[in-house]
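Raw my_file_12.tsv, TSV, C-alpha atoms:
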chain	number	residue	atom	x	y	z
A	28	MET	CA	-51.49	-27.10	-13.00
A	29	SER	CA	-50.09	-30.55	-13.46
A	30	VAL	CA	-47.19	-30.99	-15.82
A	31	ARG	CA	-47.66	-33.36	-18.72
A	32	ARG	CA	-44.43	-34.30	-20.51
A	33	ARG	CA	-45.70	-35.14	-23.97
A	34	GLY	CA	-43.13	-34.64	-26.67
A	35	LEU	CA	-41.73	-31.37	-25.36
A	36	VAL	CA	-40.50	-30.09	-22.04
A	37	GLY	CA	-42.97	-30.57	-19.19
A	38	VAL	CA	-44.26	-27.16	-18.18
A	39	ALA	CA	-43.57	-23.64	-19.21
A	40	ALA	CA	-41.02	-21.27	-17.86
A	41	ALA	CA	-39.01	-18.21	-18.38
A	42	VAL	CA	-36.88	-15.28	-17.52
A	43	ALA	CA	-33.66	-13.69	-18.34
A	44	MET	CA	-31.12	-15.45	-16.14
A	45	THR	CA	-29.37	-18.65	-17.23
A	46	VAL	CA	-27.12	-20.66	-14.93
A	47	THR	CA	-24.93	-23.69	-15.37
A	48	ALA	CA	-25.37	-27.00	-13.60
A	49	GLY	CA	-22.11	-26.32	-11.81
A	50	ALA	CA	-23.87	-23.69	-9.74
A	51	PHE	CA	-25.48	-26.51	-7.78
A	52	ALA	CA	-22.18	-27.64	-6.32
A	53	ALA	CA	-21.78	-27.63	-2.52
A	54	PRO	CA	-25.40	-26.78	-1.68
A	55	ALA	CA	-26.08	-24.88	1.49
A	56	LEU	CA	-28.11	-26.77	4.07
A	57	ALA	CA	-30.61	-25.38	6.54
A	58	GLY	CA	-31.39	-27.62	9.48
A	59	GLY	CA	-34.80	-28.20	11.06
A	60	SER	CA	-36.38	-25.92	13.62
A	61	GLY	CA	-39.16	-26.24	16.13
A	62	GLY	CA	-37.48	-26.98	19.43
A	63	GLY	CA	-38.32	-29.64	21.95
A	64	GLY	CA	-36.43	-32.35	20.10
A	65	HIS	CA	-38.65	-32.06	17.02
A	66	GLY	CA	-35.62	-32.35	14.75
A	67	ASP	CA	-34.75	-35.75	16.21
A	68	ARG	CA	-38.16	-37.12	15.25
A	69	HIS	CA	-37.72	-35.80	11.74
A	70	ARG	CA	-34.08	-36.77	11.23
A	71	ALA	CA	-34.98	-39.21	8.43
A	72	THR	CA	-36.95	-36.49	6.66
A	73	GLN	CA	-34.04	-34.06	6.89
A	74	LYS	CA	-31.67	-36.68	5.49
A	75	ALA	CA	-34.07	-37.41	2.61
A	76	MET	CA	-34.29	-33.71	1.82
A	77	GLU	CA	-30.52	-33.29	1.80
A	78	ALA	CA	-30.09	-36.40	-0.36
A	79	ALA	CA	-32.64	-35.10	-2.87
A	80	VAL	CA	-30.71	-31.91	-3.59
A	81	ASN	CA	-28.67	-32.31	-6.79
A	82	GLU	CA	-27.83	-30.65	-10.09
A	83	ASN	CA	-31.48	-30.81	-11.18
A	84	ALA	CA	-33.08	-29.98	-7.82
A	85	PRO	CA	-31.38	-26.96	-6.24
A	86	GLY	CA	-33.39	-26.63	-3.06
A	87	VAL	CA	-36.26	-27.98	-0.99
A	88	THR	CA	-38.40	-26.61	1.83
A	89	ALA	CA	-40.73	-28.59	4.09
A	90	GLN	CA	-42.93	-28.51	7.16
A	91	ALA	CA	-44.25	-31.44	9.18
A	92	ARG	CA	-46.98	-31.19	11.82
A	93	ASP	CA	-47.93	-33.92	14.28
A	94	LYS	CA	-49.12	-34.30	17.87
A	95	HIS	CA	-45.71	-33.18	19.11
A	96	GLY	CA	-45.75	-29.87	17.27
A	97	THR	CA	-44.43	-28.25	14.09
A	98	TRP	CA	-41.08	-28.81	12.38
A	99	ASN	CA	-39.78	-26.55	9.58
A	100	SER	CA	-36.70	-27.18	7.51
A	101	ALA	CA	-34.97	-26.59	4.20
A	102	ALA	CA	-31.99	-27.87	2.25
A	103	GLY	CA	-30.05	-26.68	-0.75
A	104	ILE	CA	-29.98	-23.40	-2.63
A	105	GLY	CA	-32.75	-20.86	-2.98
A	106	ASP	CA	-30.99	-18.39	-5.27
A	107	LEU	CA	-28.31	-19.71	-7.62
A	108	GLU	CA	-27.01	-16.30	-8.59
A	109	ARG	CA	-26.48	-15.18	-5.00
A	110	GLN	CA	-25.80	-18.72	-3.68
A	111	THR	CA	-28.18	-18.16	-0.77
A	112	PRO	CA	-29.86	-21.10	0.96
A	113	ARG	CA	-33.44	-22.26	0.50
A	114	GLY	CA	-35.74	-20.78	3.12
A	115	ALA	CA	-37.75	-22.88	5.56
A	116	HIS	CA	-40.67	-20.46	5.24
A	117	ASP	CA	-40.61	-19.78	1.50
A	118	ARG	CA	-43.76	-19.11	-0.47
A	119	TYR	CA	-44.05	-20.85	-3.84
A	120	ARG	CA	-46.38	-21.64	-6.72
A	121	VAL	CA	-48.38	-24.71	-5.75
A	122	GLY	CA	-49.62	-25.87	-9.18
A	123	SER	CA	-52.39	-28.46	-9.06
A	124	ILE	CA	-52.76	-28.21	-5.31
A	125	THR	CA	-55.02	-25.36	-6.44
A	126	LYS	CA	-57.48	-28.01	-7.60
A	127	THR	CA	-58.28	-29.03	-4.02
A	128	PHE	CA	-59.17	-25.44	-3.18
A	129	VAL	CA	-61.39	-25.19	-6.27
A	130	SER	CA	-63.09	-28.50	-5.52
A	131	THR	CA	-63.69	-27.39	-1.92
A	132	VAL	CA	-65.52	-24.30	-3.15
A	133	MET	CA	-67.54	-26.39	-5.61
A	134	LEU	CA	-68.56	-28.81	-2.85
A	135	GLN	CA	-69.51	-25.97	-0.54
A	136	LEU	CA	-71.82	-24.73	-3.29
A	137	VAL	CA	-73.25	-28.24	-3.56
A	138	ALA	CA	-73.86	-28.29	0.20
A	139	GLU	CA	-75.63	-24.94	-0.10
A	140	GLY	CA	-77.91	-26.27	-2.83
A	141	GLU	CA	-76.51	-23.92	-5.47
A	142	LEU	CA	-75.53	-26.75	-7.81
A	143	SER	CA	-75.35	-30.54	-7.93
A	144	LEU	CA	-72.50	-32.90	-8.73
A	145	ASP	CA	-74.88	-34.45	-11.25
A	146	ASP	CA	-75.51	-31.15	-13.05
A	147	THR	CA	-74.16	-31.13	-16.57
A	148	VAL	CA	-71.51	-28.72	-17.71
A	149	GLY	CA	-73.89	-27.71	-20.48
A	150	ARG	CA	-76.42	-26.48	-17.92
A	151	TRP	CA	-74.00	-23.94	-16.51
A	152	LEU	CA	-71.81	-23.29	-19.54
A	153	PRO	CA	-74.03	-23.82	-22.58
A	154	GLY	CA	-72.11	-24.13	-25.84
A	155	VAL	CA	-68.67	-24.05	-24.20
A	156	VAL	CA	-67.82	-27.77	-24.32
A	157	GLU	CA	-68.75	-28.49	-27.92
A	158	GLY	CA	-67.06	-29.70	-31.10
A	159	ASN	CA	-65.00	-32.66	-32.32
A	160	GLY	CA	-67.06	-35.07	-30.25
A	161	HIS	CA	-67.19	-33.00	-27.05
A	162	ASP	CA	-70.66	-32.51	-25.60
A	163	GLY	CA	-71.07	-30.57	-22.38
A	164	ASP	CA	-74.62	-31.86	-21.99
A	165	ARG	CA	-73.17	-35.34	-21.36
A	166	VAL	CA	-70.46	-34.31	-18.88
A	167	THR	CA	-71.27	-33.84	-15.19
A	168	VAL	CA	-69.66	-31.62	-12.58
A	169	ARG	CA	-68.52	-34.75	-10.76
A	170	GLN	CA	-66.72	-35.94	-13.89
A	171	LEU	CA	-64.88	-32.65	-14.13
A	172	LEU	CA	-63.68	-32.87	-10.56
A	173	ASN	CA	-62.49	-36.49	-10.70
A	174	HIS	CA	-61.11	-36.37	-14.26
A	175	THR	CA	-63.52	-38.90	-15.77
A	176	SER	CA	-65.00	-36.38	-18.22
A	177	GLY	CA	-62.85	-37.41	-21.17
A	178	ILE	CA	-62.33	-33.73	-22.00
A	179	TYR	CA	-59.04	-33.12	-23.79
A	180	ASP	CA	-56.24	-31.58	-21.71
A	181	VAL	CA	-55.22	-28.20	-23.10
A	182	LEU	CA	-51.64	-28.89	-21.98
A	183	SER	CA	-51.49	-31.71	-24.53
A	184	ASP	CA	-52.13	-29.43	-27.51
A	185	PRO	CA	-48.89	-29.31	-29.57
A	186	GLY	CA	-49.22	-25.64	-30.44
A	187	TYR	CA	-49.93	-24.70	-26.86
A	188	GLN	CA	-46.95	-26.75	-25.70
A	189	GLU	CA	-44.65	-25.08	-28.18
A	190	LYS	CA	-45.69	-21.61	-27.09
A	191	MET	CA	-45.74	-22.32	-23.39
A	192	PHE	CA	-43.22	-25.09	-22.69
A	193	THR	CA	-40.17	-24.29	-24.82
A	194	GLU	CA	-37.89	-21.29	-25.09
A	195	LYS	CA	-40.65	-19.58	-27.06
A	196	PHE	CA	-42.24	-19.03	-23.68
A	197	LEU	CA	-39.61	-16.37	-23.00
A	198	ALA	CA	-41.59	-14.11	-25.34
A	199	HIS	CA	-44.95	-15.03	-23.78
A	200	ARG	CA	-44.35	-15.33	-20.04
A	201	TYR	CA	-46.37	-12.21	-19.25
A	202	ASP	CA	-49.27	-13.01	-21.58
A	203	THR	CA	-52.73	-13.11	-20.02
A	204	TRP	CA	-54.79	-16.19	-20.79
A	205	THR	CA	-58.51	-16.56	-20.22
A	206	PRO	CA	-60.09	-19.93	-19.43
A	207	GLU	CA	-62.33	-19.44	-22.45
A	208	GLN	CA	-59.26	-19.25	-24.69
A	209	GLN	CA	-57.77	-22.37	-23.18
A	210	VAL	CA	-60.99	-24.39	-23.34
A	211	ALA	CA	-61.39	-23.37	-26.98
A	212	ILE	CA	-57.95	-24.83	-27.71
A	213	ALA	CA	-58.96	-28.10	-26.04
A	214	MET	CA	-62.14	-28.23	-28.12
A	215	ARG	CA	-60.06	-28.44	-31.32
A	216	HIS	CA	-59.32	-32.04	-30.36
A	217	GLU	CA	-61.43	-35.13	-29.88
A	218	PRO	CA	-62.22	-36.28	-26.33
A	219	ASP	CA	-59.96	-38.86	-24.74
A	220	PHE	CA	-62.98	-41.14	-24.15
A	221	GLU	CA	-66.72	-41.01	-23.60
A	222	PRO	CA	-67.75	-39.27	-20.37
A	223	GLY	CA	-67.45	-41.70	-17.46
A	224	ASP	CA	-65.71	-44.40	-19.51
A	225	GLY	CA	-62.18	-43.81	-18.30
A	226	TRP	CA	-59.81	-41.59	-16.34
A	227	ASN	CA	-57.32	-39.08	-17.68
A	228	TYR	CA	-55.85	-36.05	-15.95
A	229	SER	CA	-57.06	-32.94	-17.74
A	230	ASN	CA	-56.37	-29.40	-16.60
A	231	THR	CA	-59.25	-28.29	-18.81
A	232	ASN	CA	-61.62	-29.87	-16.28
A	233	TYR	CA	-60.61	-27.41	-13.60
A	234	LEU	CA	-60.57	-24.42	-15.92
A	235	LEU	CA	-64.22	-25.29	-16.54
A	236	ALA	CA	-64.82	-25.71	-12.80
A	237	GLY	CA	-63.53	-22.19	-12.24
A	238	MET	CA	-65.87	-20.91	-14.94
A	239	ILE	CA	-68.81	-22.68	-13.28
A	240	ILE	CA	-67.97	-21.10	-9.92
A	241	LYS	CA	-68.21	-17.68	-11.56
A	242	LYS	CA	-71.47	-18.57	-13.29
A	243	VAL	CA	-73.05	-19.83	-10.05
A	244	THR	CA	-71.81	-17.11	-7.68
A	245	GLY	CA	-71.24	-14.14	-9.95
A	246	LYS	CA	-67.68	-13.90	-8.57
A	247	SER	CA	-64.37	-15.31	-9.75
A	248	TYR	CA	-62.99	-18.56	-8.41
A	249	ALA	CA	-60.21	-16.46	-6.84
A	250	ASP	CA	-62.67	-14.31	-4.90
A	251	GLU	CA	-64.59	-17.37	-3.72
A	252	ILE	CA	-61.44	-19.17	-2.55
A	253	LYS	CA	-60.40	-16.07	-0.63
A	254	ARG	CA	-63.82	-15.64	0.99
A	255	ARG	CA	-64.57	-19.28	1.72
A	256	VAL	CA	-61.14	-20.77	2.52
A	257	ILE	CA	-58.23	-18.35	2.81
A	258	GLU	CA	-59.85	-15.81	5.12
A	259	PRO	CA	-61.70	-18.23	7.44
A	260	LEU	CA	-58.54	-20.30	7.98
A	261	GLY	CA	-56.23	-17.30	8.27
A	262	LEU	CA	-53.97	-18.49	5.46
A	263	ASP	CA	-51.83	-15.36	5.38
A	264	ALA	CA	-49.21	-16.78	2.99
A	265	THR	CA	-51.79	-18.05	0.47
A	266	SER	CA	-52.96	-16.04	-2.51
A	267	VAL	CA	-54.71	-16.38	-5.85
A	268	PRO	CA	-52.75	-13.90	-7.96
A	269	GLU	CA	-54.76	-14.35	-11.20
A	270	THR	CA	-52.54	-12.16	-13.48
A	271	ASP	CA	-49.90	-10.79	-11.07
A	272	SER	CA	-46.54	-12.18	-12.20
A	273	SER	CA	-44.58	-11.30	-9.06
A	274	MET	CA	-43.77	-13.55	-6.10
A	275	PRO	CA	-44.36	-12.37	-2.53
A	276	GLU	CA	-41.58	-12.54	0.03
A	277	PRO	CA	-40.14	-14.60	1.51
A	278	SER	CA	-39.51	-16.80	-1.50
A	279	SER	CA	-36.69	-18.45	-3.39
A	280	ARG	CA	-36.08	-18.37	-7.11
A	281	ALA	CA	-37.58	-21.06	-9.34
A	282	TYR	CA	-35.62	-22.85	-12.08
A	283	MET	CA	-36.30	-24.89	-15.18
A	284	LYS	CA	-34.67	-26.11	-18.37
A	285	LEU	CA	-36.60	-25.08	-21.49
A	286	SER	CA	-35.00	-27.67	-23.73
A	287	LYS	CA	-34.33	-31.39	-23.68
A	288	ALA	CA	-30.89	-30.87	-25.18
A	289	PRO	CA	-28.09	-32.54	-23.17
A	290	ASP	CA	-26.38	-29.18	-22.67
A	291	ALA	CA	-29.55	-27.32	-21.72
A	292	THR	CA	-29.06	-24.78	-18.96
A	293	PHE	CA	-31.45	-23.57	-16.28
A	294	HIS	CA	-33.53	-20.44	-16.59
A	295	ASP	CA	-34.89	-18.47	-13.67
A	296	VAL	CA	-38.64	-18.89	-14.14
A	297	THR	CA	-39.82	-17.25	-10.95
A	298	GLU	CA	-41.92	-14.54	-12.57
A	299	LEU	CA	-44.77	-15.44	-14.93
A	300	ASN	CA	-48.40	-14.62	-15.52
A	301	PRO	CA	-50.30	-17.25	-13.50
A	302	SER	CA	-53.39	-16.94	-15.71
A	303	MET	CA	-51.80	-19.64	-17.86
A	304	ALA	CA	-52.68	-22.04	-15.03
A	305	GLY	CA	-55.72	-20.25	-13.63
A	306	SER	CA	-58.14	-22.40	-11.65
A	307	SER	CA	-56.18	-25.51	-12.62
A	308	GLY	CA	-53.02	-24.40	-10.84
A	309	GLY	CA	-52.43	-20.70	-10.34
A	310	MET	CA	-52.19	-20.32	-6.55
A	311	ILE	CA	-49.29	-19.40	-4.26
A	312	SER	CA	-48.84	-20.67	-0.69
A	313	ASP	CA	-46.29	-22.03	1.78
A	314	THR	CA	-45.85	-25.27	3.69
A	315	ALA	CA	-47.51	-24.01	6.87
A	316	ASP	CA	-50.65	-22.79	5.14
A	317	LEU	CA	-51.00	-25.93	3.05
A	318	ASN	CA	-50.71	-28.14	6.12
A	319	ARG	CA	-53.32	-26.01	7.86
A	320	PHE	CA	-55.68	-26.16	4.86
A	321	TYR	CA	-55.54	-29.92	4.32
A	322	THR	CA	-55.72	-30.66	8.03
A	323	ALA	CA	-58.84	-28.50	8.34
A	324	LEU	CA	-60.33	-30.16	5.25
A	325	LEU	CA	-59.75	-33.72	6.50
A	326	ARG	CA	-61.12	-32.83	9.94
A	327	GLY	CA	-64.39	-31.62	8.43
A	328	LYS	CA	-63.85	-27.91	9.09
A	329	LEU	CA	-64.58	-26.85	5.50
A	330	LEU	CA	-67.18	-29.33	4.26
A	331	PRO	CA	-70.17	-31.18	5.73
A	332	LYS	CA	-69.68	-34.94	6.18
A	333	LYS	CA	-71.66	-35.78	3.04
A	334	GLN	CA	-69.59	-33.57	0.76
A	335	LEU	CA	-66.29	-34.62	2.33
A	336	ALA	CA	-67.27	-38.25	1.75
A	337	GLU	CA	-67.98	-37.41	-1.91
A	338	MET	CA	-64.59	-35.75	-2.18
A	339	LYS	CA	-62.90	-38.90	-0.87
A	340	LYS	CA	-64.57	-41.28	-3.35
A	341	VAL	CA	-61.52	-42.00	-5.45
A	342	VAL	CA	-61.08	-43.40	-8.92
A	343	VAL	CA	-58.34	-46.06	-8.73
A	344	GLN	CA	-56.07	-46.19	-11.78
A	345	ASP	CA	-54.00	-49.23	-10.82
A	346	PRO	CA	-55.86	-52.26	-9.35
A	347	ASP	CA	-52.60	-53.34	-7.73
A	348	LYS	CA	-52.68	-50.10	-5.71
A	349	PRO	CA	-56.24	-49.93	-4.37
A	350	HIS	CA	-55.44	-47.15	-1.91
A	351	ASP	CA	-54.02	-44.86	-4.60
A	352	GLY	CA	-56.70	-42.87	-6.36
A	353	TYR	CA	-58.10	-39.50	-7.38
A	354	GLY	CA	-61.25	-38.18	-5.75
A	355	LEU	CA	-62.82	-34.76	-6.26
A	356	GLY	CA	-59.64	-32.72	-6.29
A	357	LEU	CA	-58.24	-34.86	-3.49
A	358	VAL	CA	-55.68	-37.65	-3.90
A	359	SER	CA	-55.12	-40.73	-1.72
A	360	ARG	CA	-51.75	-42.46	-1.55
A	361	GLU	CA	-50.35	-45.43	0.37
A	362	THR	CA	-46.84	-44.98	1.71
A	363	SER	CA	-44.20	-47.71	1.64
A	364	CYS	CA	-45.12	-48.68	5.21
A	365	GLY	CA	-48.86	-48.90	4.50
A	366	THR	CA	-50.02	-45.56	5.90
A	367	VAL	CA	-52.76	-44.03	3.75
A	368	VAL	CA	-52.45	-40.27	3.33
A	369	TRP	CA	-54.60	-37.67	1.59
A	370	GLY	CA	-53.68	-34.48	-0.23
A	371	ASN	CA	-52.43	-33.44	-3.63
A	372	GLY	CA	-49.35	-32.45	-5.56
A	373	GLY	CA	-48.59	-29.89	-8.20
A	374	ASP	CA	-46.05	-28.96	-10.85
A	375	VAL	CA	-45.78	-25.55	-12.42
A	376	GLN	CA	-42.86	-23.64	-13.89
A	377	GLY	CA	-39.84	-24.20	-11.67
A	378	SER	CA	-41.84	-25.64	-8.82
A	379	THR	CA	-42.97	-29.09	-7.72
A	380	SER	CA	-44.98	-29.49	-4.53
A	381	MET	CA	-46.75	-32.02	-2.34
A	382	THR	CA	-49.03	-31.92	0.69
A	383	LEU	CA	-50.17	-35.10	2.42
A	384	VAL	CA	-52.17	-35.59	5.62
A	385	THR	CA	-53.25	-38.70	7.51
A	386	GLU	CA	-56.91	-39.72	7.57
A	387	ARG	CA	-57.87	-37.74	10.68
A	388	GLY	CA	-55.48	-34.89	10.10
A	389	SER	CA	-53.12	-35.80	12.94
A	390	HIS	CA	-49.93	-35.82	10.84
A	391	ALA	CA	-49.24	-33.50	7.91
A	392	LEU	CA	-46.34	-32.92	5.54
A	393	SER	CA	-45.83	-30.28	2.86
A	394	ALA	CA	-42.72	-29.96	0.71
A	395	ASN	CA	-41.59	-28.01	-2.35
A	396	PHE	CA	-38.63	-28.09	-4.72
A	397	ASN	CA	-37.71	-24.94	-6.66
A	398	SER	CA	-37.40	-26.94	-9.87
A	399	LEU	CA	-39.42	-29.64	-11.61
A	400	ASP	CA	-37.20	-32.36	-10.20
A	401	GLY	CA	-36.79	-33.67	-6.69
A	402	ASP	CA	-37.66	-36.89	-4.88
A	403	LEU	CA	-40.85	-36.00	-3.03
A	404	PHE	CA	-41.72	-39.67	-2.51
A	405	ALA	CA	-38.52	-40.29	-0.56
A	406	ILE	CA	-39.34	-37.32	1.67
A	407	ARG	CA	-42.89	-38.60	2.10
A	408	ASP	CA	-41.79	-42.07	3.19
A	409	ALA	CA	-39.09	-40.65	5.44
A	410	GLU	CA	-41.67	-38.55	7.28
A	411	PHE	CA	-44.54	-41.01	7.53
A	412	CYS	CA	-42.48	-44.20	7.80
A	413	GLY	CA	-39.25	-42.99	9.38
A	414	LYS	CA	-37.09	-44.20	6.52

Take the structure I supplied and represent it as structure tokens, if you would.
Amino acid sequence: MSVRRRGLVGVAAAVAMTVTAGAFAAPALAGGSGGGGHGDRHRATQKAMEAAVNENAPGVTAQARDKHGTWNSAAGIGDLERQTPRGAHDRYRVGSITKTFVSTVMLQLVAEGELSLDDTVGRWLPGVVEGNGHDGDRVTVRQLLNHTSGIYDVLSDPGYQEKMFTEKFLAHRYDTWTPEQQVAIAMRHEPDFEPGDGWNYSNTNYLLAGMIIKKVTGKSYADEIKRRVIEPLGLDATSVPETDSSMPEPSSRAYMKLSKAPDATFHDVTELNPSMAGSSGGMISDTADLNRFYTALLRGKLLPKKQLAEMKKVVVQDPDKPHDGYGLGLVSRETSCGTVVWGNGGDVQGSTSMTLVTERGSHALSANFNSLDGDLFAIRDAEFCGK
């Protein structure tokens, strides 16, 4: 799930422990590992990670993979109460990185002839996208996956924000949400624009994509991701928990402020019911698995050439940045030194993540902060540009 900071606090959170900003003082640092001088090649990345740790970003974990091998590292604090360091092999909630997994399943179904990118949402989910100007018969599967549908983002609904993204969430963190409930909330609002006439990030799009996967296959999006991606690639640290609120080990704690007040303190938001994000952002993984997944994807191990090419057809939002765009669940970005990388990022309660891979999958980087703050772009440029 991608965080949208409209009026309230960005994304939801919750749990019983509150800590002061002072707990971030003197963060513990964990150096890189991998042997063979790998740490020397990633010295700039390590420095960027250490510099990014502050009172709003307690800890960061990362893995880089290139032709020389694999480098794992971490910096900062993983558990503020115990003052233990962030782990280099932590699992974490990946947020909207989930969307790439969902889109991969959708495109596999396209390759198998089970559906078409030009199919309408109304064909598969009749009567679901209706009301206040929404019309599922005019929205295509492609428009869901590249966010050109115009469908209202459920995370923008004021009532939903109040329940999920403020301290009221403390009473709702274990609630189970269905995609049907969330889509119904989105349908109370007018569309952002006519289908195909613009671009706006909407988590509702991927809730609908998950519903379509179930309609086409008869199985949940979670089951299909497990069968089609997780198991074939051996992603042992990756899971689709659906309604399980716990975090598997090893993992650090996740932190977030539930108020914009100047004196707001952090809450431990590690445990929550991931159904609130569902197929728009409910997965758990680690840096190694994410690097393996995106590398396999970019190398054509998961999709035929035609479908991978469709995935990489991006919608550019800023004409001054022609290499930055959103494809079908896959994002392209140009680094400060001109290297174009592919991947995605995600924010969810107490967690902000990024995975980026070069065009042919020869160089990969995944990183995660256990809060909603942290300079991922500095880490990206340090790794891919050496600065």

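Taking CA of His390 (chain A) and CA of Glu337 (chain A) as endpoints, the distance between them is 22.2 Å.
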
Give me the residues near Ser279 (chain A) as a VMD selection string, where near means some atom within 9 Å (using only C-alpha atoms) and where sequence neighbours in that chain fewer than 4 positions away do not count. chain A and resid 86 104 to 106 111 to 114 117 to 119 297 397

Non-local contacts of Ser123 (chain A) (12 Å; only C-alpha atoms; under 4 positions in same chain excluded) as a PyMOL selection string: chain A and resi 28-31+127-130+228-234+304-312+356-358+370-376+378-382

Got time to write the residues from that selection, C-alpha atoms, as a PDB file, in the frame of the given file?
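Output file part_21.pdb is given in full below:
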ATOM      1  CA  MET A  28     -51.490 -27.100 -13.000  1.00  0.00           C
ATOM      2  CA  SER A  29     -50.090 -30.550 -13.460  1.00  0.00           C
ATOM      3  CA  VAL A  30     -47.190 -30.990 -15.820  1.00  0.00           C
ATOM      4  CA  ARG A  31     -47.660 -33.360 -18.720  1.00  0.00           C
ATOM      5  CA  THR A 127     -58.280 -29.030  -4.020  1.00  0.00           C
ATOM      6  CA  PHE A 128     -59.170 -25.440  -3.180  1.00  0.00           C
ATOM      7  CA  VAL A 129     -61.390 -25.190  -6.270  1.00  0.00           C
ATOM      8  CA  SER A 130     -63.090 -28.500  -5.520  1.00  0.00           C
ATOM      9  CA  TYR A 228     -55.850 -36.050 -15.950  1.00  0.00           C
ATOM     10  CA  SER A 229     -57.060 -32.940 -17.740  1.00  0.00           C
ATOM     11  CA  ASN A 230     -56.370 -29.400 -16.600  1.00  0.00           C
ATOM     12  CA  THR A 231     -59.250 -28.290 -18.810  1.00  0.00           C
ATOM     13  CA  ASN A 232     -61.620 -29.870 -16.280  1.00  0.00           C
ATOM     14  CA  TYR A 233     -60.610 -27.410 -13.600  1.00  0.00           C
ATOM     15  CA  LEU A 234     -60.570 -24.420 -15.920  1.00  0.00           C
ATOM     16  CA  ALA A 304     -52.680 -22.040 -15.030  1.00  0.00           C
ATOM     17  CA  GLY A 305     -55.720 -20.250 -13.630  1.00  0.00           C
ATOM     18  CA  SER A 306     -58.140 -22.400 -11.650  1.00  0.00           C
ATOM     19  CA  SER A 307     -56.180 -25.510 -12.620  1.00  0.00           C
ATOM     20  CA  GLY A 308     -53.020 -24.400 -10.840  1.00  0.00           C
ATOM     21  CA  GLY A 309     -52.430 -20.700 -10.340  1.00  0.00           C
ATOM     22  CA  MET A 310     -52.190 -20.320  -6.550  1.00  0.00           C
ATOM     23  CA  ILE A 311     -49.290 -19.400  -4.260  1.00  0.00           C
ATOM     24  CA  SER A 312     -48.840 -20.670  -0.690  1.00  0.00           C
ATOM     25  CA  GLY A 356     -59.640 -32.720  -6.290  1.00  0.00           C
ATOM     26  CA  LEU A 357     -58.240 -34.860  -3.490  1.00  0.00           C
ATOM     27  CA  VAL A 358     -55.680 -37.650  -3.900  1.00  0.00           C
ATOM     28  CA  GLY A 370     -53.680 -34.480  -0.230  1.00  0.00           C
ATOM     29  CA  ASN A 371     -52.430 -33.440  -3.630  1.00  0.00           C
ATOM     30  CA  GLY A 372     -49.350 -32.450  -5.560  1.00  0.00           C
ATOM     31  CA  GLY A 373     -48.590 -29.890  -8.200  1.00  0.00           C
ATOM     32  CA  ASP A 374     -46.050 -28.960 -10.850  1.00  0.00           C
ATOM     33  CA  VAL A 375     -45.780 -25.550 -12.420  1.00  0.00           C
ATOM     34  CA  GLN A 376     -42.860 -23.640 -13.890  1.00  0.00           C
ATOM     35  CA  SER A 378     -41.840 -25.640  -8.820  1.00  0.00           C
ATOM     36  CA  THR A 379     -42.970 -29.090  -7.720  1.00  0.00           C
ATOM     37  CA  SER A 380     -44.980 -29.490  -4.530  1.00  0.00           C
ATOM     38  CA  MET A 381     -46.750 -32.020  -2.340  1.00  0.00           C
ATOM     39  CA  THR A 382     -49.030 -31.920   0.690  1.00  0.00           C
TER      40      THR A 382
END

Å distance separating CA of His294 (chain A) from CA of Tyr282 (chain A), one decimal place: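 It comes out at 5.5 Å.
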
At what distance in Å, to one decimal, does CA of Ile239 (chain A) lie from CA of Val156 (chain A)?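 So the two atoms, CA of Val156 (chain A) and CA of Ile239 (chain A), lie 12.2 Å apart.
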
What lies within 8 Å of Val87 (chain A) using all atoms listed in the file, ignoring chain neighbours under 2 positions off, as a list in words? Met76, Val80, Ala84, Pro85, Ala89, Ala101, Ala102, Gly103, Ile104, Arg113, Ala394, Asn395, Phe396 and Asn397 of chain A

Could you list, as a ChimeraX atom specification, every residue within 12 Å of Val137 (chain A), counting all atoms listed in the file and ignoring same-chain residues fewer than 5 positions away? /A:130-132,142-146,168-169,240,243-244,330-331,333-335,337-338

Hey, which of A:His216, A:Arg387, A:Lys348, A:Lys287 ends up closest to Leu182 (chain A)? Count only C-alpha atoms.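 Looking only at the distances to Leu182 (chain A), the closest residue turns out to be A:His216.
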
Quick one: of A:Lys126, A:Trp204, A:Leu399, A:Gln90, who's nearest to Ile252 (chain A), counting all atoms listed in the file?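 Ranking A:Lys126, A:Trp204, A:Leu399, A:Gln90 by distance to Ile252 (chain A), first place goes to A:Lys126.
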
Restricting the calculation to only C-alpha atoms: of A:Phe196, A:Tyr201, A:Phe404, A:Trp98, which residue gets closest to Ala391 (chain A)?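 Closest to Ala391 (chain A) of all the choices is A:Trp98.
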
Which residue is closest to Asn81 (chain A)? Choose from A:Ala198, A:Ser393, A:Ser398, A:Asp295 and count all atoms listed in the file.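 Smallest separation from Asn81 (chain A) among the options: A:Ser398.
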
Please list as a PyMOL selection string every residue within 12 Å of His350 (chain A), counting only C-alpha atoms and excluding residues in the same chain fewer than 2 positions away. chain A and resi 339-348+352-354+358-363+365-369
